[in-house]
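Here is the file coords.txt (compact mmCIF, C-alpha atoms).
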# COMPACT_ATOMS: atom_id res chain seq x y z
CA MET L 1 0.00 0.00 0.00
CA GLY L 2 1.60 3.25 -1.15
CA LYS L 3 1.43 6.70 0.32
CA GLN L 4 -1.37 7.71 -2.05
CA ASP L 5 -3.49 4.79 -0.88
CA ILE L 6 -3.09 5.89 2.72
CA LYS L 7 -4.11 9.42 1.77
CA SER L 8 -7.32 8.24 0.23
CA ASN L 9 -8.06 5.88 3.09
CA ILE L 10 -11.16 6.89 4.97
CA LEU L 11 -9.67 5.97 8.34
CA THR L 12 -6.64 8.24 8.00
CA THR L 13 -8.69 11.14 6.69
CA THR L 14 -10.84 10.93 9.78
CA VAL L 15 -7.74 10.89 11.95
CA GLU L 16 -6.47 13.86 10.00
CA SER L 17 -9.61 15.87 10.56
CA ALA L 18 -9.61 14.93 14.23
CA ILE L 19 -6.00 16.09 14.61
CA ASN L 20 -6.74 19.30 12.73
CA TRP L 21 -9.77 19.93 14.90
CA GLY L 22 -7.65 19.50 18.00
CA ARG L 23 -4.89 21.69 16.65
CA LYS L 24 -7.07 24.50 15.52
CA ASN L 25 -8.93 24.76 18.81
CA SER L 26 -5.80 24.73 20.94
CA LEU L 27 -3.34 27.03 19.21
CA TRP L 28 -0.62 28.11 21.61
CA PRO L 29 0.61 31.53 20.58
CA MET L 30 4.11 32.79 21.11
CA PRO L 31 3.94 36.60 21.18
CA PHE L 32 6.95 38.44 19.82
CA GLY L 33 5.93 41.91 20.94
CA THR L 34 8.58 44.52 20.33
CA ALA L 35 6.43 47.65 20.29
CA CYS L 36 2.98 49.10 20.87
CA CYS L 37 1.26 46.22 19.02
CA GLY L 38 2.48 44.01 21.86
CA ILE L 39 0.54 46.21 24.28
CA GLU L 40 -2.54 45.94 22.07
CA PHE L 41 -2.08 42.18 22.00
CA MET L 42 -2.71 42.16 25.76
CA ALA L 43 -6.14 43.62 25.02
CA VAL L 44 -6.81 40.67 22.72
CA LEU L 45 -6.36 38.38 25.71
CA ALA L 46 -8.40 40.57 28.06
CA SER L 47 -12.04 39.89 28.77
CA ARG L 48 -13.55 42.23 26.17
CA THR L 49 -12.29 40.25 23.17
CA ASP L 50 -11.40 37.05 24.92
CA MET L 51 -9.04 34.94 22.83
CA SER L 52 -9.63 31.93 25.06
CA ARG L 53 -13.02 31.59 23.37
CA PHE L 54 -11.00 30.08 20.51
CA GLY L 55 -8.68 28.07 22.71
CA ALA L 56 -5.68 30.30 22.13
CA GLU L 57 -5.26 31.75 25.59
CA ALA L 58 -2.27 29.61 26.60
CA ILE L 59 0.45 32.16 25.86
CA ARG L 60 3.81 30.42 25.87
CA PHE L 61 6.95 32.48 26.16
CA SER L 62 8.96 29.50 25.02
CA PRO L 63 8.96 28.91 21.26
CA ARG L 64 9.43 25.18 21.80
CA GLN L 65 5.97 24.89 23.32
CA SER L 66 4.04 27.01 20.85
CA ASP L 67 2.75 26.67 17.32
CA LEU L 68 1.57 30.18 16.46
CA LEU L 69 4.05 33.04 16.25
CA ILE L 70 2.49 36.49 16.59
CA VAL L 71 4.99 39.13 15.49
CA ALA L 72 3.76 42.41 16.94
CA GLY L 73 5.85 45.48 16.42
CA ARG L 74 8.70 46.77 14.33
CA ILE L 75 11.62 44.43 13.83
CA SER L 76 15.01 46.06 13.49
CA ILE L 77 17.76 44.50 11.46
CA LYS L 78 19.53 43.49 14.67
CA MET L 79 16.38 41.82 16.02
CA MET L 80 15.74 39.79 12.88
CA PRO L 81 18.29 36.99 13.66
CA VAL L 82 16.58 36.56 17.03
CA LEU L 83 13.18 36.31 15.38
CA ILE L 84 14.44 33.83 12.80
CA ARG L 85 15.96 31.74 15.58
CA ILE L 86 12.71 31.79 17.55
CA TYR L 87 10.80 30.80 14.42
CA GLU L 88 13.17 27.92 13.78
CA GLN L 89 12.91 26.75 17.39
CA MET L 90 9.15 26.31 17.08
CA PRO L 91 8.10 22.74 16.33
CA GLU L 92 6.24 21.92 13.11
CA PRO L 93 3.48 22.59 12.21
CA LYS L 94 3.67 26.30 12.88
CA TRP L 95 1.87 29.42 11.74
CA VAL L 96 2.79 33.10 11.75
CA ILE L 97 0.60 36.19 12.18
CA SER L 98 2.16 39.50 11.23
CA MET L 99 0.33 42.00 13.42
CA GLY L 100 0.31 45.67 12.57
CA ALA L 101 1.81 47.91 9.93
CA CYS L 102 5.37 47.84 11.26
CA ALA L 103 5.80 44.06 11.25
CA SER L 104 4.01 43.67 7.92
CA SER L 105 5.70 46.41 5.91
CA GLY L 106 7.73 48.69 8.13
CA GLY L 107 4.94 51.26 8.40
CA VAL L 108 6.22 54.79 8.85
CA PHE L 109 9.69 53.54 9.68
CA ASP L 110 11.06 53.48 6.15
CA THR L 111 14.65 53.51 7.35
CA TYR L 112 17.77 51.43 6.87
CA SER L 113 17.49 49.82 10.30
CA VAL L 114 13.89 48.56 10.21
CA ILE L 115 12.89 45.42 8.31
CA GLN L 116 10.40 46.38 5.59
CA GLY L 117 8.12 43.43 6.20
CA ILE L 118 9.08 40.28 8.09
CA ASP L 119 7.90 38.17 5.14
CA GLN L 120 11.25 38.87 3.53
CA PHE L 121 12.75 36.45 6.06
CA ILE L 122 10.08 34.16 7.51
CA PRO L 123 6.84 32.91 5.91
CA VAL L 124 3.77 34.81 7.10
CA ASP L 125 0.31 33.24 6.98
CA VAL L 126 -1.97 36.14 7.88
CA TYR L 127 -1.31 39.89 7.80
CA VAL L 128 -3.29 42.21 10.07
CA PRO L 129 -3.24 45.87 8.98
CA GLY L 130 -3.64 48.69 11.46
CA CYS L 131 -1.50 50.79 13.75
CA PRO L 132 -2.17 48.99 16.00
CA PRO L 133 -5.00 46.72 14.78
CA ARG L 134 -8.16 46.52 16.84
CA PRO L 135 -8.36 43.35 18.98
CA GLU L 136 -11.16 42.22 16.70
CA GLY L 137 -8.76 42.34 13.78
CA VAL L 138 -6.38 40.00 15.56
CA VAL L 139 -9.22 37.64 16.48
CA GLY L 140 -10.31 37.73 12.83
CA SER L 141 -6.79 36.74 11.79
CA LEU L 142 -6.86 33.93 14.34
CA LEU L 143 -10.04 32.64 12.71
CA LYS L 144 -8.25 32.75 9.34
CA ILE L 145 -5.38 30.75 10.88
CA GLN L 146 -7.94 28.22 12.14
CA ASP L 147 -9.23 27.85 8.58
CA LEU L 148 -5.64 27.24 7.44
CA VAL L 149 -5.14 24.60 10.14
CA ASP L 150 -8.32 22.91 9.00
CA LYS L 151 -6.85 22.46 5.50
CA GLU L 152 -3.63 20.96 6.88
CA LYS L 153 -2.62 17.57 5.48
CA LEU L 154 -1.20 14.96 7.80
CA PHE L 155 1.38 13.58 5.37
CA ASP L 156 2.66 16.88 4.02
CA TYR L 157 5.45 16.90 6.59
CA THR L 158 8.79 15.25 6.13
CA PHE L 159 11.30 14.63 8.86
CA SER L 160 13.36 17.59 7.72
CA GLY L 161 10.44 19.73 8.80
CA SER L 162 9.61 21.29 5.43
CA LYS L 163 6.09 21.53 4.12
CA MET M 1 12.76 61.37 62.02
CA ALA M 2 12.36 57.80 61.03
CA THR M 3 8.88 56.49 60.43
CA ILE M 4 7.94 53.56 62.59
CA VAL M 5 5.99 51.00 60.60
CA THR M 6 3.92 48.63 62.67
CA SER M 7 3.25 45.40 60.86
CA TYR M 8 -0.30 44.11 60.73
CA GLU M 9 -1.08 41.64 63.46
CA PRO M 10 -3.75 39.14 62.26
CA THR M 11 -6.70 38.78 64.58
CA PHE M 12 -8.35 35.51 65.47
CA TRP M 13 -10.95 36.17 62.76
CA ASP M 14 -8.19 36.58 60.17
CA LYS M 15 -6.44 33.43 61.29
CA LEU M 16 -9.56 31.41 60.56
CA TYR M 17 -9.07 32.17 56.78
CA PHE M 18 -12.54 30.89 56.07
CA PRO M 19 -14.41 34.26 56.21
CA ALA M 20 -11.87 35.84 53.83
CA LEU M 21 -12.28 32.93 51.46
CA LEU M 22 -16.05 33.31 51.52
CA ARG M 23 -15.73 37.04 50.91
CA GLY M 24 -13.59 36.34 47.86
CA LEU M 25 -16.08 33.81 46.56
CA MET M 26 -18.84 36.38 47.04
CA VAL M 27 -16.99 38.72 44.67
CA THR M 28 -16.86 35.93 42.08
CA LEU M 29 -20.53 35.19 42.58
CA ARG M 30 -21.47 38.86 42.23
CA HIS M 31 -19.68 39.06 38.88
CA PHE M 32 -21.50 35.92 37.84
CA PHE M 33 -24.78 37.83 37.63
CA GLN M 34 -23.43 41.08 36.28
CA LYS M 35 -23.49 42.18 32.66
CA LYS M 36 -20.87 40.32 30.63
CA VAL M 37 -18.11 42.44 29.13
CA THR M 38 -17.04 40.01 26.41
CA ILE M 39 -18.14 40.86 22.87
CA GLN M 40 -18.76 37.58 21.04
CA TYR M 41 -16.73 38.90 18.15
CA PRO M 42 -17.48 36.98 14.96
CA ASP M 43 -21.18 36.89 15.81
CA ALA M 44 -21.53 40.28 17.48
CA LYS M 45 -19.42 43.19 16.31
CA TYR M 46 -18.22 46.18 18.24
CA ILE M 47 -19.76 49.31 16.72
CA PRO M 48 -17.10 52.01 16.52
CA PRO M 49 -18.04 55.59 17.33
CA GLU M 50 -18.44 58.41 14.81
CA GLY M 51 -15.07 59.48 13.48
CA TYR M 52 -13.35 56.13 13.87
CA ARG M 53 -10.44 55.77 11.49
CA GLY M 54 -10.60 52.45 9.68
CA LEU M 55 -10.55 51.34 6.04
CA HIS M 56 -10.43 54.16 3.46
CA ARG M 57 -13.03 55.08 0.88
CA LEU M 58 -13.23 57.44 -2.09
CA ASN M 59 -16.31 59.64 -2.06
CA LYS M 60 -18.45 60.32 -5.09
CA TYR M 61 -20.84 63.11 -6.09
CA PRO M 62 -24.54 62.13 -6.23
CA ASP M 63 -24.30 61.88 -10.03
CA GLY M 64 -21.53 59.29 -9.81
CA ARG M 65 -18.45 61.42 -10.51
CA ILE M 66 -15.45 60.82 -8.25
CA ARG M 67 -14.75 63.80 -5.99
CA CYS M 68 -10.99 63.24 -6.16
CA VAL M 69 -9.09 65.68 -8.41
CA ALA M 70 -5.73 63.89 -8.03
CA CYS M 71 -4.03 66.88 -6.42
CA GLU M 72 -1.89 64.43 -4.43
CA MET M 73 -2.24 66.45 -1.23
CA CYS M 74 -3.08 63.24 0.64
CA ALA M 75 0.00 61.50 -0.73
CA ALA M 76 2.09 64.48 0.37
CA ALA M 77 0.55 64.51 3.85
CA CYS M 78 0.85 60.76 4.32
CA PRO M 79 3.60 60.05 6.86
CA SER M 80 4.16 56.50 5.67
CA GLY M 81 3.84 57.17 1.93
CA CYS M 82 1.22 54.53 1.30
CA ILE M 83 -0.94 56.46 -1.23
CA HIS M 84 -0.01 56.09 -4.89
CA ILE M 85 -1.93 58.25 -7.39
CA VAL M 86 -1.57 58.45 -11.17
CA PRO M 87 -3.35 61.61 -12.40
CA GLY M 88 -4.95 62.06 -15.81
CA ALA M 89 -7.68 63.89 -17.68
CA PRO M 90 -11.24 63.23 -16.43
CA PRO M 91 -13.49 61.10 -18.62
CA TRP M 92 -16.42 63.49 -18.09
CA GLU M 93 -16.95 67.25 -18.68
CA ASP M 94 -17.15 68.80 -15.25
CA GLY M 95 -14.74 71.70 -15.49
CA LYS M 96 -12.04 69.91 -13.53
CA GLU M 97 -8.66 69.30 -15.02
CA ARG M 98 -7.46 66.28 -13.14
CA TYR M 99 -8.83 62.91 -12.23
CA PRO M 100 -7.19 59.86 -10.60
CA VAL M 101 -6.48 57.29 -13.30
CA SER M 102 -5.32 54.96 -10.57
CA PHE M 103 -5.56 55.45 -6.81
CA ASP M 104 -3.85 52.74 -4.78
CA ILE M 105 -3.40 52.50 -1.03
CA ASP M 106 -1.00 50.04 0.57
CA LEU M 107 -3.08 49.12 3.62
CA LEU M 108 -0.20 47.26 5.23
CA ARG M 109 1.89 50.42 5.29
CA CYS M 110 -0.96 52.75 6.24
CA ILE M 111 -1.08 53.74 9.90
CA PHE M 112 -4.67 55.11 9.78
CA CYS M 113 -3.68 58.52 11.12
CA GLY M 114 -6.33 60.37 9.11
CA PHE M 115 -3.95 63.02 7.76
CA CYS M 116 -5.14 62.25 4.22
CA GLU M 117 -8.75 63.15 4.95
CA MET M 118 -7.60 66.31 6.73
CA ALA M 119 -5.41 67.32 3.78
CA CYS M 120 -8.04 66.61 1.12
CA PRO M 121 -9.50 69.85 -0.29
CA GLU M 122 -12.40 68.04 -1.97
CA GLN M 123 -13.47 65.74 0.92
CA ALA M 124 -12.77 62.87 -1.46
CA ILE M 125 -10.80 60.46 0.71
CA GLU M 126 -12.33 59.49 4.02
CA LEU M 127 -11.69 56.85 6.65
CA THR M 128 -14.62 54.57 7.45
CA GLU M 129 -15.46 52.49 10.50
CA ILE M 130 -14.45 49.11 9.01
CA TYR M 131 -11.75 47.64 11.26
CA ASP M 132 -11.48 43.88 10.65
CA PHE M 133 -9.82 43.24 7.32
CA SER M 134 -6.90 40.90 7.83
CA ASN M 135 -5.77 38.90 4.82
CA SER M 136 -3.52 35.97 4.09
CA SER M 137 -1.73 37.68 1.21
CA ARG M 138 0.10 40.95 0.78
CA GLU M 139 -1.68 41.60 -2.53
CA GLY M 140 -5.07 41.30 -0.82
CA LEU M 141 -4.26 44.34 1.28
CA TRP M 142 -3.36 46.58 -1.65
CA ILE M 143 -6.62 48.42 -2.34
CA ASN M 144 -7.15 50.14 -5.69
CA LYS M 145 -9.66 52.72 -6.92
CA ASP M 146 -12.43 50.20 -7.57
CA GLY M 147 -11.99 48.77 -4.10
CA LEU M 148 -12.14 52.20 -2.51
CA LEU M 149 -15.33 53.05 -4.42
CA GLU M 150 -16.77 49.70 -3.34
CA VAL M 151 -16.07 50.61 0.28
CA TYR M 152 -17.94 53.88 -0.37
CA GLU M 153 -20.97 51.94 -1.61
CA MET M 154 -20.83 49.75 1.51
CA THR M 155 -20.58 52.58 4.02
CA LYS M 156 -22.33 55.61 2.48
CA ASP M 157 -25.80 55.07 3.95
CA GLU M 158 -25.28 53.86 7.47
CA ASN M 159 -22.69 52.45 9.84
CA TYR M 160 -21.22 49.33 8.27
CA TYR M 161 -21.60 47.26 11.42
CA MET M 162 -25.23 48.34 11.94
CA LYS M 163 -26.15 46.64 8.68
CA LYS M 164 -27.52 43.15 9.03
CA SER M 165 -26.10 41.83 5.78
CA HIS M 166 -22.51 42.99 6.13
CA GLU M 167 -21.04 39.49 6.34
CA ALA M 168 -21.91 38.96 2.69
CA ASP M 169 -19.98 41.90 1.26
CA LEU M 170 -16.78 41.71 3.27
CA THR M 171 -14.00 42.47 0.83
CA SER M 172 -11.24 40.73 2.75
CA GLY M 173 -11.17 37.11 1.70

What is this file in structure tokens?
Amino acid sequence: MGKQDIKSNILTTTVESAINWGRKNSLWPMPFGTACCGIEFMAVLASRTDMSRFGAEAIRFSPRQSDLLIVAGRISIKMMPVLIRIYEQMPEPKWVISMGACASSGGVFDTYSVIQGIDQFIPVDVYVPGCPPRPEGVVGSLLKIQDLVDKEKLFDYTFSGSK
Amino acid sequence: MATIVTSYEPTFWDKLYFPALLRGLMVTLRHFFQKKVTIQYPDAKYIPPEGYRGLHRLNKYPDGRIRCVACEMCAAACPSGCIHIVPGAPPWEDGKERYPVSFDIDLLRCIFCGFCEMACPEQAIELTEIYDFSNSSREGLWINKDGLLEVYEMTKDENYYMKKSHEADLTSG
């Protein structure tokens, strides 16, 4: 029985959807807050727009325990190696939200020292515009991430960790 | 003179711990019956106040002409340089010399400061109350003239979040 046969097997597809369901309702975010968006991210976790309604309230400050990286704030060129290292320390599968104008495109800081969009270095799944975005915007991006997790395939991962 | 601080000496009532525990539980119980502060976001939306600065729109005259005259005052006032205008001759006879052939806004670079609507001499560009428009691609957050006019159609009559049918015409995919 080849790999394709396993993919089309009804038992493994059910396991896949069960795993995806579990993953998408228990995303553990790792906040990388370097600026004011990090302050706004606290409001996302507060009771008004409660992120624990979607199972993502377990904020881990260790990248090895988390599967959702939330980059909030401007990333300088000296901070980028740290961010790349944190991204690489996260176990697969992992997702990235780029929160706010500075992380997504540099915003007003069009200077030599600020990264003009973190997607030049690490893959970004969902961009949230705003300076900073409303908490609802971040929750909306979390829902988009949940849709992405739902489409995840169980056998798309190799041991090298590439998709 | 040094201040003498007397430390608190717990009374017998304090040492029981049980009354304090009950008092704490009473606080929890009181909040149980109070009004809930959580907004159930995807189902119920927060309605921003008048003057909220969200997604942009380009205003039109009642006869359908675009108010914008492509003077590029907004692009000059923009601190992040996210407005890109290509001016040209207007397709209609209205006595104006310029018209935006293309009007693009990089929403990922925009900081929603509202300087563009303050700088606009024609009240053409305006910030609306739409706040949730995240997207999974960079191209999806580059809004052009058609998109801005579409936002105008969505928000011209009433508050976008007051409308019942706003889930259907969300532009962000």

Proximal residues of chain L relative to chain M (only C-alpha atoms; 6 Å) as a list in words |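 The answer, sorted by residue number, is Ser47, Arg48, Thr49, Ala101, Ser105, Gly107, Val108, Asp125, Val126, Tyr127, Val128, Pro129, Gly130, Cys131, Gly137 and Ser141 of chain L.
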
Mind checking which residues fall within 6 Å of segment 83-97 of chain L, counting all atoms listed in the file, ignoring those fewer than 4 positions away in the same chain, and posting them as a list of chain:residue names?
->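 Contacts, with the query itself left out: L:Pro63, L:Arg64, L:Asp67, L:Leu68, L:Leu69, L:Ile70, L:Val124, L:Asp125, L:Val126.
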
Would you list the contacts of Val149 of chain L as a list of chain:residue names, taking every protein, DNA or RNA residue within 8 Å and counting all atoms listed in the file, but skipping same-chain residues closer than 2 positions in sequence?
-> L:Asn20, L:Arg23, L:Lys24, L:Ile145, L:Gln146, L:Asp147, L:Lys151, L:Glu152

Taking the point (-3.5, 60.0, 0.3) as given in the file, collect each protein or nucleic acid residue that comes within 9 Å of it, counting only C-alpha atoms, and present the set as an MDAnalysis selection string.
-> chainID M and resid 72:78 81:85 103:105 115:117 119:120 125

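Here atom CA of Met154 of chain M is placed at a distance of 15.6 Å from atom CA of Pro48 of chain M.
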
What separation in Å, quoted to one decimal, exists between atom CA of Ala58 of chain L and atom CA of Lys144 of chain L?
->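 Result for atom CA of Ala58 of chain L versus atom CA of Lys144 of chain L: 18.5 Å, one decimal.
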
Could you tell me how far atom CA of Ala35 of chain L lies from atom CA of Glu50 of chain M, in Å and to one decimal?
->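 If I compute the distance from atom CA of Ala35 of chain L to atom CA of Glu50 of chain M, I get 27.6 Å.
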